[in-house]
>>> print(open('input.cif').read())   # mmCIF, C-alpha atoms and all ligand atoms
data_protein
loop_
_atom_site.group_PDB
_atom_site.id
_atom_site.type_symbol
_atom_site.label_atom_id
_atom_site.label_comp_id
_atom_site.auth_asym_id
_atom_site.auth_seq_id
_atom_site.Cartn_x
_atom_site.Cartn_y
_atom_site.Cartn_z
ATOM 1 C CA MET A 7 25.286 -18.032 -15.027
ATOM 2 C CA SER A 8 24.539 -15.917 -18.050
ATOM 3 C CA TYR A 9 21.186 -14.685 -19.307
ATOM 4 C CA VAL A 10 19.812 -14.045 -22.759
ATOM 5 C CA ILE A 11 18.702 -10.592 -21.602
ATOM 6 C CA THR A 12 19.898 -8.470 -18.663
ATOM 7 C CA PRO A 13 18.025 -9.563 -15.510
ATOM 8 C CA PRO A 14 15.979 -6.814 -13.850
ATOM 9 C CA ALA A 15 17.499 -5.024 -10.862
ATOM 10 C CA THR A 16 16.182 -5.969 -7.405
ATOM 11 C CA VAL A 17 13.689 -3.399 -6.160
ATOM 12 C CA SER A 18 14.571 -2.360 -2.601
ATOM 13 C CA LEU A 19 13.634 0.060 0.155
ATOM 14 C CA PRO A 20 15.920 1.777 2.685
ATOM 15 C CA VAL A 21 15.673 0.775 6.347
ATOM 16 C CA VAL A 22 15.678 3.492 8.994
ATOM 17 C CA GLY A 23 18.948 3.651 10.938
ATOM 18 C CA ILE A 24 21.034 1.177 8.919
ATOM 19 C CA ALA A 25 22.679 1.071 5.500
ATOM 20 C CA ASP A 26 21.330 -2.358 4.475
ATOM 21 C CA ARG A 27 18.228 -2.289 2.325
ATOM 22 C CA PHE A 28 15.027 -4.346 2.235
ATOM 23 C CA PRO A 29 14.594 -6.262 -1.063
ATOM 24 C CA VAL A 30 11.007 -6.293 -2.361
ATOM 25 C CA HIS A 31 9.514 -9.617 -3.492
ATOM 26 C CA ARG A 32 5.735 -9.164 -3.992
ATOM 27 C CA ILE A 33 3.248 -6.418 -3.143
ATOM 28 C CA TYR A 34 -0.092 -7.606 -1.763
ATOM 29 C CA CYS A 35 -2.931 -5.170 -1.076
ATOM 30 C CA VAL A 36 -6.061 -5.528 1.060
ATOM 31 C CA GLY A 37 -9.348 -4.108 -0.266
ATOM 32 C CA ARG A 38 -11.864 -2.181 1.900
ATOM 33 C CA ASN A 39 -10.289 -2.635 5.316
ATOM 34 C CA TYR A 40 -11.756 0.425 7.088
ATOM 35 C CA VAL A 41 -15.539 0.631 7.588
ATOM 36 C CA GLU A 42 -15.951 4.258 6.483
ATOM 37 C CA HIS A 43 -13.911 3.704 3.316
ATOM 38 C CA ALA A 44 -15.922 0.570 2.436
ATOM 39 C CA GLN A 45 -19.068 2.652 2.900
ATOM 40 C CA GLU A 46 -17.812 5.527 0.735
ATOM 41 C CA MET A 47 -17.172 2.904 -1.990
ATOM 42 C CA GLY A 48 -20.758 1.641 -1.633
ATOM 43 C CA HIS A 49 -20.253 -1.438 0.580
ATOM 44 C CA SER A 50 -21.279 -2.426 4.106
ATOM 45 C CA GLY A 51 -17.774 -2.860 5.508
ATOM 46 C CA ARG A 52 -18.570 -6.310 6.905
ATOM 47 C CA GLU A 53 -17.124 -8.609 4.262
ATOM 48 C CA ALA A 54 -14.139 -10.982 4.561
ATOM 49 C CA PRO A 55 -10.814 -9.454 3.476
ATOM 50 C CA PHE A 56 -9.891 -9.727 -0.181
ATOM 51 C CA PHE A 57 -6.607 -9.152 -1.928
ATOM 52 C CA PHE A 58 -5.061 -7.832 -5.103
ATOM 53 C CA MET A 59 -1.443 -7.271 -6.128
ATOM 54 C CA LYS A 60 0.867 -4.707 -7.616
ATOM 55 C CA PRO A 61 4.128 -5.639 -9.354
ATOM 56 C CA ALA A 62 7.246 -5.138 -7.201
ATOM 57 C CA ASP A 63 8.643 -2.621 -9.659
ATOM 58 C CA ALA A 64 5.587 -0.376 -9.151
ATOM 59 C CA VAL A 65 7.464 0.887 -6.061
ATOM 60 C CA LEU A 66 8.256 4.585 -6.165
ATOM 61 C CA LEU A 67 10.725 5.241 -3.381
ATOM 62 C CA ALA A 68 10.024 8.332 -1.301
ATOM 63 C CA GLU A 69 13.337 9.046 0.485
ATOM 64 C CA ARG A 70 13.359 10.803 3.828
ATOM 65 C CA GLY A 71 12.851 14.527 3.613
ATOM 66 C CA GLN A 72 12.688 14.514 -0.180
ATOM 67 C CA THR A 73 9.755 15.067 -2.476
ATOM 68 C CA VAL A 74 9.519 12.272 -5.007
ATOM 69 C CA ALA A 75 8.035 12.959 -8.449
ATOM 70 C CA MET A 76 5.219 10.677 -9.581
ATOM 71 C CA PRO A 77 4.393 10.926 -13.276
ATOM 72 C CA TYR A 78 0.624 11.284 -13.851
ATOM 73 C CA PRO A 79 -0.241 7.878 -15.349
ATOM 74 C CA PRO A 80 -1.770 7.375 -18.803
ATOM 75 C CA LEU A 81 -5.390 6.384 -19.616
ATOM 76 C CA THR A 82 -6.971 8.014 -16.542
ATOM 77 C CA THR A 83 -8.662 11.282 -15.648
ATOM 78 C CA ASN A 84 -9.362 10.213 -12.041
ATOM 79 C CA LEU A 85 -6.122 9.374 -10.204
ATOM 80 C CA HIS A 86 -6.920 8.703 -6.517
ATOM 81 C CA HIS A 87 -4.765 8.670 -3.395
ATOM 82 C CA GLU A 88 -5.087 5.930 -0.749
ATOM 83 C CA ILE A 89 -2.799 6.363 2.277
ATOM 84 C CA GLU A 90 -1.952 2.996 3.857
ATOM 85 C CA LEU A 91 0.166 1.243 6.466
ATOM 86 C CA VAL A 92 2.591 -1.085 4.673
ATOM 87 C CA VAL A 93 3.801 -4.250 6.447
ATOM 88 C CA ALA A 94 7.190 -5.683 5.422
ATOM 89 C CA ILE A 95 7.513 -9.463 5.813
ATOM 90 C CA GLY A 96 10.905 -10.653 7.081
ATOM 91 C CA VAL A 97 10.167 -14.339 7.662
ATOM 92 C CA GLY A 98 8.019 -16.246 5.196
ATOM 93 C CA GLY A 99 5.434 -18.932 5.817
ATOM 94 C CA ALA A 100 2.085 -20.449 4.899
ATOM 95 C CA ASN A 101 -0.997 -20.797 7.141
ATOM 96 C CA ILE A 102 0.429 -18.384 9.717
ATOM 97 C CA LYS A 103 -1.845 -17.968 12.739
ATOM 98 C CA ALA A 104 -2.649 -14.429 13.846
ATOM 99 C CA ALA A 105 -1.049 -15.164 17.219
ATOM 100 C CA ASP A 106 2.256 -15.930 15.462
ATOM 101 C CA ALA A 107 2.113 -13.129 12.887
ATOM 102 C CA ALA A 108 4.437 -10.741 14.736
ATOM 103 C CA LYS A 109 7.372 -13.137 14.264
ATOM 104 C CA HIS A 110 7.005 -12.769 10.493
ATOM 105 C CA ILE A 111 7.021 -8.956 10.401
ATOM 106 C CA TYR A 112 10.274 -7.141 9.687
ATOM 107 C CA GLY A 113 8.881 -3.632 9.863
ATOM 108 C CA TYR A 114 6.455 -0.994 8.673
ATOM 109 C CA ALA A 115 6.338 1.885 6.202
ATOM 110 C CA VAL A 116 3.990 4.563 4.908
ATOM 111 C CA GLY A 117 2.628 3.828 1.434
ATOM 112 C CA LEU A 118 0.238 5.215 -1.147
ATOM 113 C CA ASP A 119 -1.957 2.780 -3.099
ATOM 114 C CA MET A 120 -2.376 5.107 -6.068
ATOM 115 C CA THR A 121 -5.420 4.117 -8.110
ATOM 116 C CA ARG A 122 -6.766 4.882 -11.565
ATOM 117 C CA ARG A 123 -10.294 4.962 -10.114
ATOM 118 C CA ASP A 124 -12.098 5.391 -13.425
ATOM 119 C CA LEU A 125 -10.408 2.300 -14.861
ATOM 120 C CA GLN A 126 -10.914 0.318 -11.633
ATOM 121 C CA ASN A 127 -14.630 1.191 -11.675
ATOM 122 C CA ASP A 128 -14.937 0.171 -15.345
ATOM 123 C CA MET A 129 -13.315 -3.186 -14.545
ATOM 124 C CA LYS A 130 -15.610 -3.689 -11.514
ATOM 125 C CA LYS A 131 -18.692 -3.065 -13.663
ATOM 126 C CA GLN A 132 -17.524 -5.595 -16.223
ATOM 127 C CA GLY A 133 -16.382 -8.162 -13.647
ATOM 128 C CA ARG A 134 -12.810 -7.892 -14.942
ATOM 129 C CA PRO A 135 -9.493 -7.834 -13.012
ATOM 130 C CA TRP A 136 -8.376 -4.592 -11.330
ATOM 131 C CA CYS A 137 -4.774 -4.718 -12.625
ATOM 132 C CA ILE A 138 -5.116 -1.748 -14.954
ATOM 133 C CA GLY A 139 -6.606 0.366 -12.153
ATOM 134 C CA LYS A 140 -4.166 -0.671 -9.434
ATOM 135 C CA GLY A 141 -0.960 -2.195 -10.787
ATOM 136 C CA PHE A 142 0.382 0.496 -13.114
ATOM 137 C CA ASP A 143 3.913 1.948 -13.207
ATOM 138 C CA HIS A 144 4.835 4.069 -10.126
ATOM 139 C CA SER A 145 1.525 3.150 -8.442
ATOM 140 C CA ALA A 146 3.158 2.295 -5.100
ATOM 141 C CA PRO A 147 5.013 5.247 -3.527
ATOM 142 C CA ILE A 148 6.551 3.947 -0.266
ATOM 143 C CA GLY A 149 8.776 5.515 2.384
ATOM 144 C CA PRO A 150 11.680 3.902 4.292
ATOM 145 C CA ILE A 151 10.963 0.849 6.467
ATOM 146 C CA THR A 152 11.134 1.165 10.247
ATOM 147 C CA PRO A 153 11.959 -2.110 12.078
ATOM 148 C CA ALA A 154 8.934 -3.340 14.045
ATOM 149 C CA ALA A 155 10.689 -3.198 17.432
ATOM 150 C CA GLN A 156 11.069 0.580 17.026
ATOM 151 C CA VAL A 157 7.320 1.198 16.615
ATOM 152 C CA PRO A 158 5.535 -0.725 19.393
ATOM 153 C CA GLY A 159 2.577 1.693 19.143
ATOM 154 C CA ILE A 160 1.905 1.085 15.453
ATOM 155 C CA HIS A 161 -1.417 -0.711 16.017
ATOM 156 C CA THR A 162 -3.052 2.442 17.391
ATOM 157 C CA ALA A 163 -1.055 5.034 15.427
ATOM 158 C CA ALA A 164 -2.661 7.986 13.678
ATOM 159 C CA ILE A 165 -2.622 7.832 9.852
ATOM 160 C CA GLN A 166 -3.160 10.892 7.704
ATOM 161 C CA LEU A 167 -2.784 12.427 4.274
ATOM 162 C CA GLN A 168 -2.727 16.054 3.219
ATOM 163 C CA VAL A 169 -2.921 17.310 -0.364
ATOM 164 C CA ASN A 170 -1.524 20.809 -0.896
ATOM 165 C CA GLY A 171 -1.649 21.313 2.872
ATOM 166 C CA GLN A 172 -5.341 20.367 3.178
ATOM 167 C CA ASP A 173 -6.517 17.338 5.170
ATOM 168 C CA ARG A 174 -7.892 14.558 2.956
ATOM 169 C CA GLN A 175 -7.581 11.395 5.053
ATOM 170 C CA ARG A 176 -7.262 11.128 8.839
ATOM 171 C CA SER A 177 -7.857 7.971 10.877
ATOM 172 C CA SER A 178 -6.190 5.421 13.149
ATOM 173 C CA ILE A 179 -4.583 2.046 12.479
ATOM 174 C CA ALA A 180 -6.816 0.835 15.350
ATOM 175 C CA LYS A 181 -9.777 1.164 12.955
ATOM 176 C CA LEU A 182 -8.610 -1.582 10.581
ATOM 177 C CA ILE A 183 -11.469 -4.096 10.156
ATOM 178 C CA TRP A 184 -8.910 -6.916 9.843
ATOM 179 C CA ASN A 185 -5.840 -5.983 11.879
ATOM 180 C CA VAL A 186 -2.291 -6.694 10.716
ATOM 181 C CA ALA A 187 -2.104 -10.132 12.389
ATOM 182 C CA GLU A 188 -5.506 -11.223 11.055
ATOM 183 C CA THR A 189 -4.567 -9.987 7.590
ATOM 184 C CA ILE A 190 -1.366 -12.068 7.653
ATOM 185 C CA GLU A 191 -3.387 -15.118 8.754
ATOM 186 C CA GLN A 192 -5.856 -14.706 5.873
ATOM 187 C CA LEU A 193 -3.244 -13.809 3.259
ATOM 188 C CA SER A 194 -0.920 -16.700 4.170
ATOM 189 C CA SER A 195 -3.784 -19.167 3.808
ATOM 190 C CA ALA A 196 -3.945 -18.247 0.109
ATOM 191 C CA TRP A 197 -0.254 -17.629 -0.716
ATOM 192 C CA THR A 198 2.991 -18.731 0.932
ATOM 193 C CA LEU A 199 4.436 -15.463 2.165
ATOM 194 C CA GLN A 200 8.099 -14.866 1.339
ATOM 195 C CA PRO A 201 10.745 -12.649 2.946
ATOM 196 C CA GLY A 202 10.554 -9.366 1.057
ATOM 197 C CA ASP A 203 6.783 -9.358 0.599
ATOM 198 C CA LEU A 204 4.973 -6.083 1.298
ATOM 199 C CA ILE A 205 1.342 -5.815 2.376
ATOM 200 C CA PHE A 206 -0.681 -2.632 1.821
ATOM 201 C CA THR A 207 -3.238 -2.977 4.611
ATOM 202 C CA GLY A 208 -6.047 -0.794 3.218
ATOM 203 C CA THR A 209 -7.021 2.860 3.281
ATOM 204 C CA PRO A 210 -9.308 4.866 5.560
ATOM 205 C CA GLU A 211 -12.089 7.116 4.280
ATOM 206 C CA GLY A 212 -11.435 10.335 2.390
ATOM 207 C CA VAL A 213 -9.954 9.009 -0.855
ATOM 208 C CA GLY A 214 -10.078 11.484 -3.698
ATOM 209 C CA ALA A 215 -8.515 12.722 -6.897
ATOM 210 C CA VAL A 216 -5.199 14.455 -7.423
ATOM 211 C CA VAL A 217 -3.991 16.339 -10.478
ATOM 212 C CA ARG A 218 -0.634 17.411 -11.888
ATOM 213 C CA GLY A 219 1.115 19.850 -9.560
ATOM 214 C CA ASP A 220 -0.469 18.469 -6.368
ATOM 215 C CA THR A 221 1.782 17.622 -3.419
ATOM 216 C CA LEU A 222 0.768 14.683 -1.206
ATOM 217 C CA VAL A 223 2.146 14.418 2.332
ATOM 218 C CA GLY A 224 1.415 11.118 4.061
ATOM 219 C CA SER A 225 2.280 10.141 7.618
ATOM 220 C CA ILE A 226 1.746 7.484 10.247
ATOM 221 C CA ASP A 227 2.893 8.214 13.809
ATOM 222 C CA GLY A 228 6.229 6.544 14.537
ATOM 223 C CA LEU A 229 7.160 6.042 10.859
ATOM 224 C CA GLN A 230 8.961 8.250 8.356
ATOM 225 C CA GLY A 231 6.459 10.183 6.270
ATOM 226 C CA ILE A 232 6.346 10.465 2.504
ATOM 227 C CA GLN A 233 6.026 13.442 0.209
ATOM 228 C CA VAL A 234 4.992 12.971 -3.417
ATOM 229 C CA ARG A 235 4.448 15.517 -6.164
ATOM 230 C CA VAL A 236 2.288 14.534 -9.135
ATOM 231 C CA GLU A 237 3.902 15.658 -12.405
HETATM 232 MN MN MN B 301 -5.928 0.429 -1.151
#
>>> encode(input="input.cif", output="structure tokens", more="lines below")
Ligand code: MN
Amino acid sequence: MSYVITPPATVSLPVVGIADRFPVHRIYCVGRNYVEHAQEMGHSGREAPFFFMKPADAVLLAERGQTVAMPYPPLTTNLHHEIELVVAIGVGGANIKAADAAKHIYGYAVGLDMTRRDLQNDMKKQGRPWCIGKGFDHSAPIGPITPAAQVPGIHTAAIQLQVNGQDRQRSSIAKLIWNVAETIEQLSSAWTLQPGDLIFTGTPEGVGAVVRGDTLVGSIDGLQGIQVRVE
């Protein structure tokens, strides 16, 4: 097979403990999945889950123990952090029941759903798509994937984010409005999930702005943390 232009490289993430990597297919994101975050965004926190996407090549890989540089994106003066549990799908499927969801999960990682909040808010006001606020280049810093069997306590794990050593976000995965299995059930009713899909499961309260020079340290108990410097 030959192509008229060079095909893009496969985006991939490292897997903890082995050399083989996890190839990324799509990135789905859940909106407002913690009550206090929904409230800080002006909503009740009792709505059905809804979804948006980022392109696979928005991944910014945060390797273990290294600080990854994230270029401050254009067109915004209000770049926000959203620390999130990321679910990596290993077995695809449509109309997956919550009770069967675990069989479809390869593993978990720590991710940041970086957001151009000013642009997202403009789009909300105008009833337009969120792409420009959510799906920009380098908008998805993610750490290495830990296989699910190695983190049996993930569903009650602590999740937190510090900026320049100060606490910004601190919560528990147990506080998800729609848990991981329910999210997979809802998402797979709308799209056929594929091996390689990633799901950002939503952020707890405490989102806020970062500026050039800030260092973000995100962690979820049992997973490898990420460290990102905005440049
Ligand atoms: Mn988010």
>>> atom_distance(input="input.cif", atom1="CA of Asp203 (chain A)", atom2="CA of Leu85 (chain A)")
25.2 Å
>>> closest_residue(input="input.cif", among="A:Ala105, A:Trp184, A:Leu118, A:Gln166", to="Ala68 (chain A)", atoms="all atoms listed in the file")
A:Leu118
>>> closest_residue(input="input.cif", among="A:Ala196, A:Leu67, A:Val213, A:Ala115", to="ligand MN 301 (chain B)", atoms="only C-alpha atoms and all ligand atoms")
A:Val213
>>> residues_near_ligand(input="input.cif", ligand="ligand MN 301 (chain B)", cutoff="8 Å", atoms="only C-alpha atoms and all ligand atoms", output="ChimeraX atom specification")
/A:35-38,88-90,118-121,206-209
>>> closest_residue(input="input.cif", among="A:Val10, A:Ile151, A:Cys137, A:Ala163", to="Ala25 (chain A)", atoms="only C-alpha atoms")
A:Ile151
>>> resolve_selection(input="input.cif", expression="the PyMOL selection byres (((chain A and resi 217) around 12) and not hetatm)", output="PyMOL selection string")
chain A and resi 76-79+82-87+122+169-170+214-216+218-222+234-237
>>> atom_distance(input="input.cif", atom1="CA of Glu42 (chain A)", atom2="CA of Ala180 (chain A)")
13.2 Å
>>> resolve_selection(input="input.cif", expression="the PyMOL selection byres (((chain A and resi 103) around 12) and not hetatm)", output="ChimeraX atom specification")
/A:99-102,104-110,186-195
>>> atom_distance(input="input.cif", atom1="CA of Pro20 (chain A)", atom2="CA of Gly113 (chain A)")
11.4 Å
>>> resolve_selection(input="input.cif", expression="the PyMOL selection byres (((chain A and resi 27-34) around 8) and not hetatm)", output="PyMOL selection string")
chain A and resi 16-21+24-26+35-36+57-62+151+200-206
>>> closest_residue(input="input.cif", among="A:Pro80, A:Gly171, A:Gly228, A:Gly117", to="Ala155 (chain A)", atoms="all atoms listed in the file")
A:Gly228
>>> axis_aligned_box(input="input.cif", around="region 89-106 of chain A", padding_each_side="4 Å", output="AutoDock Vina command-line options")
--center_x 4.1 --center_y -7.2 --center_z 9.7 --size_x 21.7 --size_y 35.2 --size_z 22.9
>>> decode(input="input.cif", residues="region 65-107 of chain A", atoms="C-alpha atoms", output="short mmCIF file (atom, residue, chain, number, x, y, z; two decimals), in the first residue's frame")
data_model
loop_
_atom_site.label_atom_id
_atom_site.label_comp_id
_atom_site.auth_asym_id
_atom_site.auth_seq_id
_atom_site.Cartn_x
_atom_site.Cartn_y
_atom_site.Cartn_z
CA VAL A 65 -2.44 13.58 23.78
CA LEU A 66 0.55 15.07 25.55
CA LEU A 67 2.43 12.19 27.11
CA ALA A 68 3.61 12.77 30.66
CA GLU A 69 6.30 10.10 31.22
CA ARG A 70 6.97 8.77 34.69
CA GLY A 71 9.03 11.08 36.85
CA GLN A 72 9.44 13.66 34.10
CA THR A 73 7.92 17.09 33.76
CA VAL A 74 6.30 17.48 30.37
CA ALA A 75 6.12 20.92 28.74
CA MET A 76 2.69 22.09 27.59
CA PRO A 77 2.76 25.11 25.30
CA TYR A 78 0.24 27.77 26.41
CA PRO A 79 -2.39 27.53 23.66
CA PRO A 80 -3.37 30.40 21.36
CA LEU A 81 -6.61 32.46 21.47
CA THR A 82 -7.19 32.14 25.23
CA THR A 83 -6.47 34.14 28.36
CA ASN A 84 -8.20 31.62 30.66
CA LEU A 85 -6.57 28.18 30.39
CA HIS A 86 -8.13 25.85 33.01
CA HIS A 87 -6.98 22.58 34.54
CA GLU A 88 -9.36 19.63 35.03
CA ILE A 89 -7.80 16.58 36.71
CA GLU A 90 -9.56 13.37 35.64
CA LEU A 91 -9.47 9.58 35.82
CA VAL A 92 -8.90 8.24 32.30
CA VAL A 93 -10.29 4.80 31.37
CA ALA A 94 -8.52 2.86 28.59
CA ILE A 95 -10.78 0.51 26.59
CA GLY A 96 -9.18 -2.82 25.65
CA VAL A 97 -12.19 -4.64 24.22
CA GLY A 98 -14.69 -2.78 22.07
CA GLY A 99 -18.45 -3.10 21.90
CA ALA A 100 -21.81 -1.39 21.53
CA ASN A 101 -24.67 -1.32 24.08
CA ILE A 102 -22.41 -2.60 26.86
CA LYS A 103 -24.27 -3.11 30.14
CA ALA A 104 -22.75 -1.61 33.27
CA ALA A 105 -22.50 -5.09 34.77
CA ASP A 106 -20.27 -6.17 31.87
CA ALA A 107 -18.20 -2.98 31.62
#
